[in-house]
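J.: Next up is a structure, given as structure tokens.
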Amino acid sequence: TAFNDILDNIVWNAIRHGFLDNNRQDYVLSFSVKVENGKCCLSIANNGLPMSKRAKEIYTLRGKKAGDTGHDGLGGYTIFSNCELFDGKLHAIEGNDIFPVIISMDFPVLNL
């Protein structure tokens, strides 16, 4: 359930905050998984609007909102705190020209 909450909040944040231009038909969510050095890095990118500097700064803080969205400000905090449940880390909130928002998380690889 906690991992599902991570994915759910990342996807819904992209829709609520990034995919705002109803005239566009080319919104994309891109998922990437890389395993190396005992860690699994999961990155989820979207090609919507970029996050503001303030949004990046308060992303993991409980109840903080970067704008008037009508929501509770718990999405980024839920992602952050649930990553910690898996001994993971919210590694980066970055972007590039194609995907202005990329959320990356590192989790330890379990030897089963």
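Scheme for the structure tokens: letters A, B, ... for chains in order shown; per-chain residue numbers from 1; ligand numbers from 1 in order shown.
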Enumerate as a PDB file with N, CA, C and O atoms, in the first residue's frame all residues of chain A assigned to strand (DSSP E) by DSSP on the backbone, naming them with the chain letters and numbers the document uses.
T.:
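Final output, saved to result-v9.pdb:
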```pdb
ATOM      1  N   LEU A  29       4.026  10.431 -19.152  1.00  0.00           N
ATOM      2  CA  LEU A  29       4.690  10.001 -17.928  1.00  0.00           C
ATOM      3  C   LEU A  29       5.693   8.929 -18.346  1.00  0.00           C
ATOM      4  O   LEU A  29       5.342   7.999 -19.068  1.00  0.00           O
ATOM      5  N   SER A  30       6.933   9.064 -17.914  1.00  0.00           N
ATOM      6  CA  SER A  30       7.978   8.114 -18.270  1.00  0.00           C
ATOM      7  C   SER A  30       8.556   7.500 -17.001  1.00  0.00           C
ATOM      8  O   SER A  30       8.923   8.222 -16.069  1.00  0.00           O
ATOM      9  N   PHE A  31       8.630   6.176 -16.960  1.00  0.00           N
ATOM     10  CA  PHE A  31       9.151   5.457 -15.803  1.00  0.00           C
ATOM     11  C   PHE A  31      10.483   4.819 -16.174  1.00  0.00           C
ATOM     12  O   PHE A  31      10.615   4.221 -17.236  1.00  0.00           O
ATOM     13  N   SER A  32      11.460   4.945 -15.290  1.00  0.00           N
ATOM     14  CA  SER A  32      12.789   4.376 -15.516  1.00  0.00           C
ATOM     15  C   SER A  32      13.240   3.674 -14.239  1.00  0.00           C
ATOM     16  O   SER A  32      13.090   4.221 -13.143  1.00  0.00           O
ATOM     17  N   VAL A  33      13.793   2.471 -14.401  1.00  0.00           N
ATOM     18  CA  VAL A  33      14.326   1.722 -13.263  1.00  0.00           C
ATOM     19  C   VAL A  33      15.760   1.325 -13.595  1.00  0.00           C
ATOM     20  O   VAL A  33      16.039   0.793 -14.674  1.00  0.00           O
ATOM     21  N   LYS A  34      16.664   1.604 -12.656  1.00  0.00           N
ATOM     22  CA  LYS A  34      18.071   1.246 -12.842  1.00  0.00           C
ATOM     23  C   LYS A  34      18.562   0.631 -11.535  1.00  0.00           C
ATOM     24  O   LYS A  34      18.290   1.164 -10.450  1.00  0.00           O
ATOM     25  N   VAL A  35      19.264  -0.493 -11.642  1.00  0.00           N
ATOM     26  CA  VAL A  35      19.812  -1.155 -10.461  1.00  0.00           C
ATOM     27  C   VAL A  35      21.327  -1.178 -10.576  1.00  0.00           C
ATOM     28  O   VAL A  35      21.869  -1.650 -11.571  1.00  0.00           O
ATOM     29  N   GLU A  36      22.004  -0.620  -9.567  1.00  0.00           N
ATOM     30  CA  GLU A  36      23.459  -0.665  -9.508  1.00  0.00           C
ATOM     31  C   GLU A  36      23.930  -0.354  -8.096  1.00  0.00           C
ATOM     32  O   GLU A  36      23.255   0.349  -7.343  1.00  0.00           O
ATOM     33  N   LYS A  39      21.589  -0.599  -5.115  1.00  0.00           N
ATOM     34  CA  LYS A  39      20.431   0.293  -5.037  1.00  0.00           C
ATOM     35  C   LYS A  39      19.595   0.195  -6.304  1.00  0.00           C
ATOM     36  O   LYS A  39      20.109  -0.015  -7.401  1.00  0.00           O
ATOM     37  N   CYS A  40      18.311   0.383  -6.109  1.00  0.00           N
ATOM     38  CA  CYS A  40      17.377   0.452  -7.216  1.00  0.00           C
ATOM     39  C   CYS A  40      16.907   1.897  -7.304  1.00  0.00           C
ATOM     40  O   CYS A  40      16.360   2.436  -6.344  1.00  0.00           O
ATOM     41  N   CYS A  41      17.147   2.524  -8.440  1.00  0.00           N
ATOM     42  CA  CYS A  41      16.724   3.908  -8.646  1.00  0.00           C
ATOM     43  C   CYS A  41      15.490   3.904  -9.537  1.00  0.00           C
ATOM     44  O   CYS A  41      15.527   3.405 -10.661  1.00  0.00           O
ATOM     45  N   LEU A  42      14.405   4.426  -9.011  1.00  0.00           N
ATOM     46  CA  LEU A  42      13.161   4.581  -9.756  1.00  0.00           C
ATOM     47  C   LEU A  42      12.991   6.063 -10.047  1.00  0.00           C
ATOM     48  O   LEU A  42      13.005   6.883  -9.126  1.00  0.00           O
ATOM     49  N   SER A  43      12.861   6.391 -11.321  1.00  0.00           N
ATOM     50  CA  SER A  43      12.624   7.776 -11.725  1.00  0.00           C
ATOM     51  C   SER A  43      11.326   7.850 -12.503  1.00  0.00           C
ATOM     52  O   SER A  43      11.080   7.020 -13.373  1.00  0.00           O
ATOM     53  N   ILE A  44      10.530   8.842 -12.173  1.00  0.00           N
ATOM     54  CA  ILE A  44       9.272   9.069 -12.877  1.00  0.00           C
ATOM     55  C   ILE A  44       9.290  10.510 -13.364  1.00  0.00           C
ATOM     56  O   ILE A  44       9.422  11.442 -12.580  1.00  0.00           O
ATOM     57  N   ALA A  45       9.175  10.655 -14.681  1.00  0.00           N
ATOM     58  CA  ALA A  45       9.269  11.971 -15.311  1.00  0.00           C
ATOM     59  C   ALA A  45       7.956  12.313 -15.997  1.00  0.00           C
ATOM     60  O   ALA A  45       7.196  11.424 -16.382  1.00  0.00           O
ATOM     61  N   ASN A  46       7.711  13.612 -16.132  1.00  0.00           N
ATOM     62  CA  ASN A  46       6.564  14.044 -16.933  1.00  0.00           C
ATOM     63  C   ASN A  46       6.950  15.274 -17.734  1.00  0.00           C
ATOM     64  O   ASN A  46       7.870  16.009 -17.384  1.00  0.00           O
ATOM     65  N   LYS A  89      15.190   6.726  -0.279  1.00  0.00           N
ATOM     66  CA  LYS A  89      15.415   8.166  -0.227  1.00  0.00           C
ATOM     67  C   LYS A  89      14.805   8.825  -1.446  1.00  0.00           C
ATOM     68  O   LYS A  89      14.951   8.326  -2.559  1.00  0.00           O
ATOM     69  N   LEU A  90      14.126   9.917  -1.220  1.00  0.00           N
ATOM     70  CA  LEU A  90      13.723  10.759  -2.336  1.00  0.00           C
ATOM     71  C   LEU A  90      14.999  11.457  -2.769  1.00  0.00           C
ATOM     72  O   LEU A  90      15.515  12.326  -2.080  1.00  0.00           O
ATOM     73  N   HIS A  91      15.557  11.004  -3.866  1.00  0.00           N
ATOM     74  CA  HIS A  91      16.918  11.374  -4.257  1.00  0.00           C
ATOM     75  C   HIS A  91      17.016  12.725  -4.947  1.00  0.00           C
ATOM     76  O   HIS A  91      17.922  13.483  -4.694  1.00  0.00           O
ATOM     77  N   ALA A  92      16.065  13.007  -5.825  1.00  0.00           N
ATOM     78  CA  ALA A  92      16.195  14.251  -6.582  1.00  0.00           C
ATOM     79  C   ALA A  92      14.854  14.688  -7.139  1.00  0.00           C
ATOM     80  O   ALA A  92      14.005  13.865  -7.447  1.00  0.00           O
ATOM     81  N   ILE A  93      14.685  15.970  -7.219  1.00  0.00           N
ATOM     82  CA  ILE A  93      13.569  16.570  -7.941  1.00  0.00           C
ATOM     83  C   ILE A  93      14.242  17.478  -8.962  1.00  0.00           C
ATOM     84  O   ILE A  93      14.798  18.507  -8.615  1.00  0.00           O
ATOM     85  N   GLU A  94      14.264  17.034 -10.197  1.00  0.00           N
ATOM     86  CA  GLU A  94      15.003  17.758 -11.220  1.00  0.00           C
ATOM     87  C   GLU A  94      14.195  17.796 -12.501  1.00  0.00           C
ATOM     88  O   GLU A  94      13.010  17.501 -12.503  1.00  0.00           O
ATOM     89  N   VAL A 101       9.918  17.801 -15.113  1.00  0.00           N
ATOM     90  CA  VAL A 101       9.841  17.273 -13.751  1.00  0.00           C
ATOM     91  C   VAL A 101      10.265  15.812 -13.766  1.00  0.00           C
ATOM     92  O   VAL A 101       9.707  14.998 -14.506  1.00  0.00           O
ATOM     93  N   ILE A 102      11.283  15.490 -12.961  1.00  0.00           N
ATOM     94  CA  ILE A 102      11.733  14.114 -12.788  1.00  0.00           C
ATOM     95  C   ILE A 102      11.886  13.873 -11.285  1.00  0.00           C
ATOM     96  O   ILE A 102      12.677  14.543 -10.625  1.00  0.00           O
ATOM     97  N   ILE A 103      11.107  12.943 -10.771  1.00  0.00           N
ATOM     98  CA  ILE A 103      11.196  12.554  -9.362  1.00  0.00           C
ATOM     99  C   ILE A 103      11.979  11.245  -9.312  1.00  0.00           C
ATOM    100  O   ILE A 103      11.573  10.252  -9.923  1.00  0.00           O
ATOM    101  N   SER A 104      13.115  11.239  -8.603  1.00  0.00           N
ATOM    102  CA  SER A 104      13.952  10.045  -8.498  1.00  0.00           C
ATOM    103  C   SER A 104      14.047   9.592  -7.057  1.00  0.00           C
ATOM    104  O   SER A 104      14.195  10.412  -6.147  1.00  0.00           O
ATOM    105  N   MET A 105      13.974   8.293  -6.882  1.00  0.00           N
ATOM    106  CA  MET A 105      14.052   7.685  -5.555  1.00  0.00           C
ATOM    107  C   MET A 105      15.008   6.511  -5.593  1.00  0.00           C
ATOM    108  O   MET A 105      15.056   5.796  -6.588  1.00  0.00           O
ATOM    109  N   ASP A 106      15.768   6.339  -4.527  1.00  0.00           N
ATOM    110  CA  ASP A 106      16.679   5.189  -4.389  1.00  0.00           C
ATOM    111  C   ASP A 106      16.158   4.289  -3.286  1.00  0.00           C
ATOM    112  O   ASP A 106      15.755   4.775  -2.208  1.00  0.00           O
ATOM    113  N   PHE A 107      16.184   2.988  -3.568  1.00  0.00           N
ATOM    114  CA  PHE A 107      15.796   1.981  -2.575  1.00  0.00           C
ATOM    115  C   PHE A 107      16.887   0.921  -2.522  1.00  0.00           C
ATOM    116  O   PHE A 107      17.460   0.579  -3.552  1.00  0.00           O
ATOM    117  N   PRO A 108      17.148   0.367  -1.335  1.00  0.00           N
ATOM    118  CA  PRO A 108      18.123  -0.727  -1.268  1.00  0.00           C
ATOM    119  C   PRO A 108      17.556  -1.958  -1.962  1.00  0.00           C
ATOM    120  O   PRO A 108      16.359  -2.219  -1.906  1.00  0.00           O
TER     121      PRO A 108
END
```
J.: Determine, counting only C-alpha atoms, which protein, DNA and RNA residues have an atom within 12 Å of an atom of range 49-62 of chain A; residues of the same chain fewer than 2 positions away are not included. Present the result as a PyMOL selection string.
T.: chain A and resi 9-10+13-21+24+27-28+45-47+64-68+72-84+89-103
J.: CA of Trp12 in chain A and CA of Asp26 in chain A, how far apart in Å?
T.: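 Interatomic distance here is 16.7 Å.
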J.: At what distance in Å, to one decimal, does CA of Val11 in chain A lie from CA of Gly88 in chain A?
T.: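 The value is 18.8 Å.
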J.: Measuring atom to atom with only C-alpha atoms, identify which of A:Asp8, A:Gly48, A:Gly63, A:Leu110 is nearest to Phe86 in chain A.
T.: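 Of A:Asp8, A:Gly48, A:Gly63, A:Leu110, the one nearest Phe86 in chain A is A:Leu110, counting only C-alpha atoms.
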J.: Could you pull out the alpha helix (DSSP H) residues of range 13-103 of chain A from DSSP and send them as a list in words?
T.: Asn13, Lys53, Arg54, Ala55, Lys56, Glu57, Ile58, Gly75, Gly76, Tyr77, Thr78, Ile79, Phe80, Ser81, Asn82, Cys83, Glu84 and Leu85 of chain A
